[in-house]
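Undergrad: One structure is given below, represented as structure tokens, and several questions about it will come after.
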Amino acid sequence: MYKLFWAEGTASFAPHAVLEEAGVAYELAVVDFAAGEQRSPAYLAVNPLGKVPALVLPDGGVLTEAAAICLFLGERLQLTHLVPALDDPLRGRFLQDLFYLSTTLQEAYKRVYYPRRFSSDPADAPRIQARAREALMECWQAVERHLAAEGPFHLGDRFSLLDLYTTMLATWFTPQDELFGACPGVAACHREVAQRPAVARCLSRQRQVSVGTS
């Protein structure tokens, strides 16, 4: 059985959704960030970085990094409806967009939520956060242009892991109406994804995080 270490409002949403889509047996282990459980010796023995998600495999191995976990599960479980096969013509586009979402768009949130990490002067935080929100929206606009032209999903009419990942990142944006108002293609993709039973179950455990917390 797989065991996913999870916390609400984090990147553990995407691997959770993949497991639900796969219909495989798994255990969801909640990590209480408010109580500091991510820094406990027990959890650091699983993931020394003290972050979620972390996936314990049936053979006892451990994987970290949300996109890597999702890609691994998609290929290990042969979820070709989520991850195009190696010989699929859309494989290249899929990898390009997955890396953009996980390394560019996902990373852009850090300066919004944790501006104090990016200056030794606390007074800089409001300015860092304001510019970071602008940069984040610029990143989202690239996704919007693609979905508006070729949607409703990243691969046209074909739902994939990319759309799960997009929904996860959209739940992090506050207020969400601002994002969806500026990016109707993203909003349409999110609505389609949210209607999937597996995703709905995951969203029921997810909450929006507030800008500036932690």
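Residue names in the structure tokens use chain letters A, B, ... in the order shown, residue numbers from 1 in each chain, and ligand numbers from 1 in the order shown.
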With a distance cut-off of 9 Å and only C-alpha atoms, select the neighbouring residues of region 91-101 of chain A, excluding the residue or stretch itself and same-chain residues fewer than 5 positions from it, and output the selection as a count of residues only.
TA: 16
Undergrad: Please identify which residues in region 2-124 of chain A DSSP calls alpha helix (DSSP H) from the backbone, and express them as a ChimeraX atom specification.
TA: /A:13-22,41-44,66-76,91-99,106-113
Undergrad: Just to be explicit: take each residue in the selection above, keep N, CA and C atoms, and write the result as a compact mmCIF listing (two decimals), in the first residue's frame.
TA:
# COMPACT_ATOMS: atom_id res chain seq x y z
N PHE A 13 -1.65 18.05 -2.58
CA PHE A 13 -2.94 17.87 -3.26
C PHE A 13 -2.80 17.07 -4.56
N ALA A 14 -1.82 17.40 -5.37
CA ALA A 14 -1.69 16.75 -6.68
C ALA A 14 -1.43 15.25 -6.57
N PRO A 15 -0.45 14.80 -5.77
CA PRO A 15 -0.28 13.35 -5.61
C PRO A 15 -1.51 12.67 -5.03
N HIS A 16 -2.19 13.35 -4.11
CA HIS A 16 -3.42 12.81 -3.54
C HIS A 16 -4.45 12.59 -4.65
N ALA A 17 -4.59 13.56 -5.55
CA ALA A 17 -5.56 13.44 -6.64
C ALA A 17 -5.17 12.31 -7.60
N VAL A 18 -3.88 12.14 -7.84
CA VAL A 18 -3.44 11.05 -8.72
C VAL A 18 -3.78 9.70 -8.10
N LEU A 19 -3.56 9.55 -6.81
CA LEU A 19 -3.90 8.30 -6.13
C LEU A 19 -5.40 8.03 -6.20
N GLU A 20 -6.19 9.08 -6.03
CA GLU A 20 -7.64 8.92 -6.13
C GLU A 20 -8.05 8.55 -7.55
N GLU A 21 -7.47 9.21 -8.53
CA GLU A 21 -7.77 8.90 -9.93
C GLU A 21 -7.38 7.46 -10.25
N ALA A 22 -6.30 6.97 -9.66
CA ALA A 22 -5.82 5.62 -9.93
C ALA A 22 -6.70 4.56 -9.30
N PRO A 41 11.25 14.52 14.74
CA PRO A 41 12.21 13.48 14.33
C PRO A 41 11.55 12.37 13.52
N ALA A 42 10.31 12.04 13.87
CA ALA A 42 9.62 10.95 13.16
C ALA A 42 9.41 11.33 11.70
N TYR A 43 8.99 12.59 11.44
CA TYR A 43 8.75 12.96 10.04
C TYR A 43 10.05 13.24 9.31
N LEU A 44 11.03 13.82 9.98
CA LEU A 44 12.32 14.08 9.33
C LEU A 44 13.01 12.78 8.92
N ALA A 66 6.36 16.98 -5.39
CA ALA A 66 5.02 16.68 -5.88
C ALA A 66 5.00 16.24 -7.34
N ALA A 67 5.65 16.99 -8.21
CA ALA A 67 5.62 16.65 -9.64
C ALA A 67 6.28 15.30 -9.89
N ALA A 68 7.39 15.04 -9.20
CA ALA A 68 8.07 13.76 -9.37
C ALA A 68 7.19 12.60 -8.91
N ILE A 69 6.51 12.78 -7.79
CA ILE A 69 5.61 11.74 -7.29
C ILE A 69 4.49 11.48 -8.30
N CYS A 70 3.91 12.56 -8.81
CA CYS A 70 2.81 12.42 -9.77
C CYS A 70 3.26 11.70 -11.03
N LEU A 71 4.41 12.09 -11.56
CA LEU A 71 4.92 11.48 -12.77
C LEU A 71 5.25 10.00 -12.53
N PHE A 72 5.87 9.72 -11.40
CA PHE A 72 6.21 8.34 -11.05
C PHE A 72 4.95 7.47 -10.97
N LEU A 73 3.94 7.95 -10.24
CA LEU A 73 2.71 7.18 -10.10
C LEU A 73 2.01 6.99 -11.44
N GLY A 74 2.00 8.04 -12.23
CA GLY A 74 1.35 7.93 -13.54
C GLY A 74 1.98 6.87 -14.41
N GLU A 75 3.30 6.77 -14.36
CA GLU A 75 3.99 5.79 -15.19
C GLU A 75 4.01 4.41 -14.53
N ARG A 76 4.22 4.34 -13.24
CA ARG A 76 4.25 3.05 -12.54
C ARG A 76 2.89 2.35 -12.63
N ARG A 91 3.59 13.78 -25.68
CA ARG A 91 4.50 13.60 -24.55
C ARG A 91 5.39 14.84 -24.33
N GLY A 92 5.94 15.39 -25.40
CA GLY A 92 6.82 16.54 -25.28
C GLY A 92 6.10 17.75 -24.71
N ARG A 93 4.93 18.03 -25.24
CA ARG A 93 4.14 19.16 -24.74
C ARG A 93 3.78 18.94 -23.28
N PHE A 94 3.43 17.71 -22.94
CA PHE A 94 3.08 17.38 -21.57
C PHE A 94 4.24 17.70 -20.62
N LEU A 95 5.43 17.23 -20.95
CA LEU A 95 6.59 17.47 -20.08
C LEU A 95 6.91 18.95 -19.98
N GLN A 96 6.83 19.65 -21.09
CA GLN A 96 7.09 21.09 -21.08
C GLN A 96 6.17 21.81 -20.11
N ASP A 97 4.88 21.51 -20.20
CA ASP A 97 3.92 22.21 -19.34
C ASP A 97 4.04 21.77 -17.89
N LEU A 98 4.34 20.50 -17.65
CA LEU A 98 4.49 20.03 -16.27
C LEU A 98 5.67 20.73 -15.59
N PHE A 99 6.77 20.87 -16.31
CA PHE A 99 7.92 21.54 -15.72
C PHE A 99 7.65 23.03 -15.52
N GLN A 106 4.65 27.37 -9.76
CA GLN A 106 4.62 26.98 -8.35
C GLN A 106 5.62 27.79 -7.53
N GLU A 107 6.81 27.97 -8.06
CA GLU A 107 7.85 28.72 -7.34
C GLU A 107 7.46 30.19 -7.18
N ALA A 108 6.68 30.73 -8.11
CA ALA A 108 6.31 32.14 -8.04
C ALA A 108 5.47 32.47 -6.81
N TYR A 109 4.83 31.46 -6.25
CA TYR A 109 4.02 31.70 -5.05
C TYR A 109 4.86 31.99 -3.82
N LYS A 110 6.10 31.55 -3.79
CA LYS A 110 6.88 31.67 -2.56
C LYS A 110 7.07 33.11 -2.11
N ARG A 111 7.35 34.00 -3.05
CA ARG A 111 7.56 35.40 -2.67
C ARG A 111 6.26 36.07 -2.24
N VAL A 112 5.14 35.54 -2.72
CA VAL A 112 3.85 36.09 -2.30
C VAL A 112 3.56 35.70 -0.86
N TYR A 113 3.73 34.43 -0.53
CA TYR A 113 3.38 33.94 0.79
C TYR A 113 4.47 34.14 1.84
Undergrad: As a PDB file with N, CA and C atoms, in the first residue's frame, please: every residue in region 39-73 of chain A that DSSP puts in strand (DSSP E or B).
TA:
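This went into result.pdb:
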ATOM      1  N   ALA A  54       5.336  13.561   0.839  1.00  0.00           N
ATOM      2  CA  ALA A  54       6.295  12.462   0.791  1.00  0.00           C
ATOM      3  C   ALA A  54       5.467  11.202   0.591  1.00  0.00           C
ATOM      4  N   LEU A  55       5.918  10.356  -0.302  1.00  0.00           N
ATOM      5  CA  LEU A  55       5.187   9.138  -0.615  1.00  0.00           C
ATOM      6  C   LEU A  55       6.038   7.926  -0.252  1.00  0.00           C
ATOM      7  N   VAL A  56       5.514   7.106   0.644  1.00  0.00           N
ATOM      8  CA  VAL A  56       6.177   5.842   0.979  1.00  0.00           C
ATOM      9  C   VAL A  56       5.625   4.781   0.039  1.00  0.00           C
ATOM     10  N   VAL A  62      10.987   5.874  -0.467  1.00  0.00           N
ATOM     11  CA  VAL A  62      10.313   7.156  -0.251  1.00  0.00           C
ATOM     12  C   VAL A  62      10.609   8.083  -1.425  1.00  0.00           C
ATOM     13  N   LEU A  63       9.566   8.744  -1.906  1.00  0.00           N
ATOM     14  CA  LEU A  63       9.700   9.773  -2.938  1.00  0.00           C
ATOM     15  C   LEU A  63       9.214  11.101  -2.377  1.00  0.00           C
ATOM     16  N   THR A  64       9.892  12.180  -2.761  1.00  0.00           N
ATOM     17  CA  THR A  64       9.442  13.525  -2.415  1.00  0.00           C
ATOM     18  C   THR A  64       9.351  14.339  -3.707  1.00  0.00           C
TER      19      THR A  64
END
Undergrad: Report as a PyMOL selection string all protein, DNA and RNA residues lying within 8 Å of Val186 (chain A), evaluated on only C-alpha atoms, omitting residues in the same chain fewer than 3 positions from it.
TA: chain A and resi 143-144+147-148+166+180+183+189-190
Undergrad: Generate the output file for the selected residues, C-alpha atoms, as a PDB file, in the first residue's frame.
TA:
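Generated file (part_8.pdb):
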ATOM      1  CA  VAL A 143      -1.126  29.382 -18.823  1.00  0.00           C
ATOM      2  CA  GLU A 144      -4.197  31.404 -19.753  1.00  0.00           C
ATOM      3  CA  LEU A 147      -5.745  27.270 -22.388  1.00  0.00           C
ATOM      4  CA  ALA A 148      -7.702  30.008 -24.152  1.00  0.00           C
ATOM      5  CA  THR A 166      -3.319  23.602 -12.513  1.00  0.00           C
ATOM      6  CA  PHE A 180     -10.529  33.448 -12.565  1.00  0.00           C
ATOM      7  CA  CYS A 183      -7.941  34.091 -16.625  1.00  0.00           C
ATOM      8  CA  CYS A 189     -10.254  24.209 -16.870  1.00  0.00           C
ATOM      9  CA  HIS A 190     -10.675  24.310 -13.097  1.00  0.00           C
TER      10      HIS A 190
END
Undergrad: Figure out the distance between CA of Leu4 (chain A) and CA of Leu57 (chain A), please, to one decimal in Å.
TA: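 Between CA of Leu57 (chain A) and CA of Leu4 (chain A) the gap is 8.9 Å.
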Undergrad: When distances are computed from only C-alpha atoms, which of A:His146, A:Leu79, A:Arg39, A:Glu8 shows the smallest separation from Ser204 (chain A)?
TA: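 The answer is A:Glu8, which sits nearest to Ser204 (chain A).
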